[in-house]
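Engineer: Sharing a structure below in structure tokens format, with a few things to ask.
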Amino acid sequence: MSYDRAITVFSPDGHLFQVEYAMEAVRRGSTAIGIRGKDCVVLAVERRALAKLQDPRTIRKIVPIDSTTTLAFAGLTADARVLINKTRVEAQSYRLTCEDSPSVEYMARFIARTQLKYTQRGGVRPFGIATLIVGFGLNDKNEEVPVLYQTDPAGTYSSWRAQVIGGRNAKSLREFLEKNYNDDLGEKEAVKLSVQALLEVVDSGAKNMEICVVKTGGVKHMMEESEVDAIVKEIEAEVEEGKQKGTGSS
């Protein structure tokens with residue numbers, strides 16, 4: 001029996017193959033990185049090369065959900081568009097009902113619940129995307145702190161300090177973040193770390209990067225290409241300096 005024909009049928013060893021194929025679609029997507037600093041959250045995504053006549057404004061991997069929550073995704077862009085629209089409607093519905101903005105965790109839970117629904121019944125297929133959802137929330141001391149959540153096609157969600165989704169090099173990039181991340185990263189350091197990680201997979205520097213910094217109160221700043229390029233040049237200069245020191249000492 002072909003266990004990958006039906007979405008709702010487990011294989012004898014406990015696999016849902018269609019969900020695993022959806023995760024493979026995420027791995028084939030472009031890389032997205034989320035890094036939580038002490039007073040901000042940075043989203044950085046790899047932007048694939050555009051056709052010469054294509055308008056880059058129509059290809060967005062980082063999108064607002066509402067005034068306080070921002071999302072980045074990896075995987076199938078058409079699937080992301082549908083899921084993002086559902087999420088935006090839920091955010092507005094929550095505001096209308098509760099007269100308050102939904103928390104980042106609430107939005108992450110909603111996205112995960114929606115993704116899970118599409119793995120439990122016939123006639124549909126899983127969403128071929130993973131998401132990173134960022135914003136600000138309250139901690140145990142009732143202080144406003146940056147938060148970062150991830151969801152995947154299986155419908156699970158979890159909170160992270162730094163995470164990578166999409167791309168074939170996600171595992172090595174995650175190891176890079178584990179070595180270089182610390183809880184006291186300021187805005188500049190968090191942005192620099194995200195650019196350093198992206199440079200591992202991006203060939204043409206700032207031109208193929210999209211960086212968004214979310215600050216206190218959900219204020220978003222989409223970095224211009226010139227700003228990102230300055231950071232790329234700074235990193236390249238440091239690498240070159242390190243090489244020269246290495247050759248000098250040897």
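Chain labels run A, B, ... following the order of the structure tokens; each chain numbers its residues from 1, and ligands are numbered from 1 in the order shown.
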Please report as a Markdown table every residue of segment 191-223 of chain A lying within 10 Å of segment 49-72 of chain A, along with the nearest atom pair and their distance in Å (one decimal), using only C-alpha atoms.
Structural biologist:
| residue | atom | partner | partner_atom | distance |
| --- | --- | --- | --- | --- |
| A:Ser204 | CA | A:Ala49 | CA | 9.1 |
| A:Lys207 | CA | A:Ala49 | CA | 8.7 |
| A:Asn208 | CA | A:Ala49 | CA | 6.7 |
| A:Glu210 | CA | A:Ile62 | CA | 7.7 |
| A:Ile211 | CA | A:Ile62 | CA | 8.3 |
| A:Cys212 | CA | A:Ile62 | CA | 7.5 |
| A:Val213 | CA | A:Thr70 | CA | 9.8 |
| A:Val214 | CA | A:Thr70 | CA | 7.9 |
| A:Lys215 | CA | A:Thr68 | CA | 9.7 |
| A:Thr216 | CA | A:Thr68 | CA | 9.3 |
| A:Gly217 | CA | A:Thr68 | CA | 6.7 |
| A:Gly218 | CA | A:Thr68 | CA | 4.3 |
| A:Val219 | CA | A:Thr68 | CA | 7.2 |
| A:Lys220 | CA | A:Thr70 | CA | 8.2 |
| A:Met222 | CA | A:Ile62 | CA | 9.2 |
Engineer: Would you write out those residues with N, CA, C and O atoms, as a short mmCIF file (atom, residue, chain, number, x, y, z; two decimals), in the first residue's frame?
Structural biologist:
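See result.cif below for the written result:
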data_model
loop_
_atom_site.label_atom_id
_atom_site.label_comp_id
_atom_site.auth_asym_id
_atom_site.auth_seq_id
_atom_site.Cartn_x
_atom_site.Cartn_y
_atom_site.Cartn_z
N SER A 204 25.44 37.19 -3.54
CA SER A 204 25.62 38.56 -4.03
C SER A 204 25.37 39.63 -2.96
O SER A 204 24.94 40.73 -3.25
N LYS A 207 22.24 42.80 -1.88
CA LYS A 207 21.20 42.84 -2.91
C LYS A 207 20.17 41.74 -2.74
O LYS A 207 19.00 41.90 -3.06
N ASN A 208 20.60 40.60 -2.21
CA ASN A 208 19.70 39.45 -2.05
C ASN A 208 19.33 39.20 -0.59
O ASN A 208 19.08 38.06 -0.19
N GLU A 210 16.88 40.62 2.79
CA GLU A 210 15.78 41.46 3.28
C GLU A 210 15.85 41.41 4.80
O GLU A 210 15.77 40.33 5.39
N ILE A 211 16.05 42.56 5.44
CA ILE A 211 16.23 42.61 6.90
C ILE A 211 15.17 43.52 7.51
O ILE A 211 14.97 44.64 7.04
N CYS A 212 14.51 43.02 8.55
CA CYS A 212 13.50 43.81 9.27
C CYS A 212 13.84 43.78 10.76
O CYS A 212 14.06 42.71 11.33
N VAL A 213 13.87 44.97 11.38
CA VAL A 213 14.10 45.07 12.82
C VAL A 213 12.79 45.50 13.48
O VAL A 213 12.21 46.52 13.10
N VAL A 214 12.32 44.70 14.42
CA VAL A 214 11.09 45.03 15.17
C VAL A 214 11.50 45.51 16.55
O VAL A 214 12.16 44.78 17.29
N LYS A 215 11.12 46.75 16.87
CA LYS A 215 11.52 47.36 18.14
C LYS A 215 10.34 47.43 19.10
O LYS A 215 9.23 47.03 18.76
N THR A 216 10.59 47.95 20.29
CA THR A 216 9.58 48.03 21.34
C THR A 216 8.28 48.62 20.82
O THR A 216 8.29 49.61 20.09
N GLY A 217 7.16 47.99 21.19
CA GLY A 217 5.86 48.45 20.74
C GLY A 217 5.48 47.96 19.36
O GLY A 217 4.47 48.36 18.78
N GLY A 218 6.32 47.06 18.79
CA GLY A 218 6.02 46.50 17.47
C GLY A 218 6.41 47.41 16.32
O GLY A 218 6.01 47.19 15.18
N VAL A 219 7.22 48.46 16.60
CA VAL A 219 7.67 49.38 15.54
C VAL A 219 8.61 48.64 14.60
O VAL A 219 9.60 48.04 15.05
N LYS A 220 8.33 48.68 13.29
CA LYS A 220 9.11 47.92 12.31
C LYS A 220 10.00 48.85 11.49
O LYS A 220 9.57 49.94 11.11
N MET A 222 12.23 48.34 8.07
CA MET A 222 12.78 47.55 6.97
C MET A 222 14.06 48.23 6.50
O MET A 222 14.03 49.38 6.07
#
Engineer: Could you find all residues in segment 5-210 of chain A that DSSP calls strand (DSSP E) from the backbone, and write them as number ranges by chain?
Structural biologist: A: 32-36, 40-46, 62-64, 70-75, 129-138, 144-151, 157-159, 162-165, 209-210
Engineer: One decimal, Å: what's the distance from atom CA of Asp13 of chain A over to atom CA of Pro153 of chain A, could you say?
Structural biologist: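 Rounded to one decimal, the two atoms are 19.5 Å apart.
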Engineer: Quick one: everything within 10 Å of Phe17 of chain A, counting only C-alpha atoms, minus sequence neighbours fewer than 3 positions away in the same chain. Send it as number ranges by chain.
Structural biologist: A: 2-11, 14, 20-23
Engineer: Would you please work out which residue, of A:Glu143, A:Glu105, A:Glu46, A:Asp229, is nearest to Gly166 of chain A when using only C-alpha atoms?
Structural biologist: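 The shortest atom-to-atom distance to Gly166 of chain A comes from A:Glu46.
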Engineer: What does the distance from atom CA of Ala130 of chain A to atom CA of Gln150 of chain A come to in Å, to one decimal?
Structural biologist: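 Computed distance, atom CA of Ala130 of chain A to atom CA of Gln150 of chain A, equals 7.3 Å.
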Engineer: Rounded to one decimal place, report the atom CA of Ala108 of chain A-atom CA of Arg161 of chain A distance in Å.
Structural biologist: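 One can read the atom CA of Ala108 of chain A to atom CA of Arg161 of chain A distance as 15.1 Å.
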Engineer: Which residues of segment 128-182 of chain A come within 6 Å of segment 32-35 of chain A, and what is each one's closest atom pair and distance in Å (one decimal), counting only C-alpha atoms, sorted by chain and residue number, as CSV?
Structural biologist:
residue,atom,partner,partner_atom,distance
A:Ala162,CA,A:Ile35,CA,4.3
A:Gln163,CA,A:Gly34,CA,5.4
A:Val164,CA,A:Ile33,CA,4.5
A:Ile165,CA,A:Ala32,CA,5.4
Engineer: Write the residues of the preceding selection, restricted to C-alpha atoms, as a compact mmCIF listing (two decimals), in the first residue's frame.
Structural biologist:
# COMPACT_ATOMS: atom_id res chain seq x y z
CA ALA A 162 17.26 32.41 17.54
CA GLN A 163 16.06 30.11 14.76
CA VAL A 164 16.62 29.28 11.07
CA ILE A 165 14.00 27.89 8.69
Engineer: When distances are computed from only C-alpha atoms, which of A:Ala170, A:Leu198, A:Ala237, A:Leu116 shows the smallest separation from Val26 of chain A?
Structural biologist: A:Ala170
Engineer: I'd like to know which of A:Cys98, A:Val104, A:Asp152, A:Phe136 is closest to Ala80 of chain A, using only C-alpha atoms.
Structural biologist: A:Asp152
Engineer: Rank A:Glu200, A:Glu187, A:Glu234, A:Glu224 by their smallest atom-to-atom distance to Lys171 of chain A, using only C-alpha atoms, and report the top residue only.
Structural biologist: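 Smallest distance to Lys171 of chain A is found for A:Glu200.
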Engineer: When DSSP works through the backbone of this structure, what residues of segment 52-209 of chain A end up as alpha helix (DSSP H), shown as an MDAnalysis selection string?
Structural biologist: chainID A and resid 77:98 104:117 170:180 187:199
Engineer: What's the 10 Å shell around Gln115 of chain A, counting only C-alpha atoms, without same-chain residues fewer than 6 positions away, as a compact mmCIF listing (two decimals) with all heavy atoms, in the first residue's frame?
Structural biologist:
# COMPACT_ATOMS: atom_id res chain seq x y z
N LEU A 83 -2.28 31.55 3.93
CA LEU A 83 -2.19 31.44 5.39
C LEU A 83 -2.07 32.82 6.05
O LEU A 83 -2.67 33.08 7.10
CB LEU A 83 -0.99 30.57 5.77
CG LEU A 83 -0.85 30.19 7.25
CD1 LEU A 83 -2.11 29.49 7.77
CD2 LEU A 83 0.37 29.32 7.46
N ARG A 109 -0.13 30.44 17.81
CA ARG A 109 -1.02 29.31 18.10
C ARG A 109 -2.07 29.17 17.00
O ARG A 109 -2.40 28.06 16.57
CB ARG A 109 -1.67 29.53 19.46
CG ARG A 109 -1.99 28.27 20.21
CD ARG A 109 -2.24 28.49 21.68
NE ARG A 109 -3.22 29.54 21.94
CZ ARG A 109 -3.03 30.56 22.76
NH1 ARG A 109 -1.89 30.69 23.40
NH2 ARG A 109 -3.96 31.46 22.96
N ARG A 125 -4.37 19.50 1.35
CA ARG A 125 -2.98 19.11 1.56
C ARG A 125 -2.35 20.07 2.57
O ARG A 125 -2.86 21.18 2.77
CB ARG A 125 -2.19 19.13 0.25
CG ARG A 125 -2.06 20.50 -0.39
CD ARG A 125 -0.97 20.49 -1.45
NE ARG A 125 -0.88 21.75 -2.17
CZ ARG A 125 -0.30 22.85 -1.69
NH1 ARG A 125 0.19 22.87 -0.48
NH2 ARG A 125 -0.26 23.94 -2.44
N PRO A 126 -1.25 19.67 3.21
CA PRO A 126 -0.63 20.56 4.20
C PRO A 126 -0.08 21.83 3.54
O PRO A 126 0.24 21.85 2.34
CB PRO A 126 0.52 19.71 4.76
CG PRO A 126 0.20 18.31 4.40
CD PRO A 126 -0.58 18.37 3.12
N PHE A 127 0.02 22.89 4.33
CA PHE A 127 0.69 24.10 3.86
C PHE A 127 2.19 23.83 3.77
O PHE A 127 2.79 23.38 4.74
CB PHE A 127 0.45 25.26 4.84
CG PHE A 127 -0.93 25.85 4.77
CD1 PHE A 127 -1.90 25.49 5.69
CD2 PHE A 127 -1.26 26.76 3.78
CE1 PHE A 127 -3.17 26.04 5.64
CE2 PHE A 127 -2.53 27.32 3.71
CZ PHE A 127 -3.49 26.95 4.64
N GLY A 128 2.76 24.12 2.62
CA GLY A 128 4.20 23.87 2.43
C GLY A 128 5.05 25.03 2.90
O GLY A 128 5.96 25.47 2.18
N ILE A 129 4.78 25.55 4.09
CA ILE A 129 5.58 26.66 4.62
C ILE A 129 5.84 26.48 6.12
O ILE A 129 5.08 25.84 6.83
CB ILE A 129 4.91 28.04 4.40
CG1 ILE A 129 3.63 28.18 5.23
CG2 ILE A 129 4.65 28.33 2.95
CD1 ILE A 129 3.20 29.62 5.41
N ALA A 130 6.95 27.05 6.55
CA ALA A 130 7.23 27.25 7.98
C ALA A 130 7.29 28.76 8.20
O ALA A 130 7.61 29.51 7.28
CB ALA A 130 8.55 26.60 8.37
N THR A 151 6.54 28.16 13.57
CA THR A 151 5.57 27.09 13.30
C THR A 151 6.07 26.28 12.09
O THR A 151 6.88 26.77 11.31
CB THR A 151 4.16 27.64 12.97
OG1 THR A 151 4.17 28.20 11.64
CG2 THR A 151 3.72 28.69 13.97
N ASP A 152 5.57 25.04 11.97
CA ASP A 152 5.97 24.21 10.82
C ASP A 152 4.74 23.54 10.22
O ASP A 152 3.64 23.64 10.77
CB ASP A 152 7.04 23.19 11.24
CG ASP A 152 6.52 22.17 12.24
OD1 ASP A 152 5.30 21.94 12.30
OD2 ASP A 152 7.36 21.58 12.98
N PRO A 153 4.88 22.86 9.07
CA PRO A 153 3.72 22.26 8.40
C PRO A 153 2.96 21.22 9.22
O PRO A 153 1.80 20.94 8.95
CB PRO A 153 4.33 21.62 7.14
CG PRO A 153 5.57 22.39 6.88
CD PRO A 153 6.10 22.75 8.23
N ALA A 154 3.61 20.64 10.23
CA ALA A 154 2.94 19.64 11.07
C ALA A 154 1.97 20.28 12.05
O ALA A 154 1.15 19.60 12.66
CB ALA A 154 3.97 18.81 11.83
N GLY A 155 2.08 21.62 12.24
CA GLY A 155 1.16 22.30 13.15
C GLY A 155 1.72 22.47 14.55
O GLY A 155 0.97 22.74 15.48
N THR A 156 3.03 22.34 14.72
CA THR A 156 3.64 22.59 16.02
C THR A 156 4.14 24.04 16.06
O THR A 156 4.49 24.61 15.03
CB THR A 156 4.82 21.65 16.30
OG1 THR A 156 5.80 21.82 15.27
CG2 THR A 156 4.38 20.21 16.33
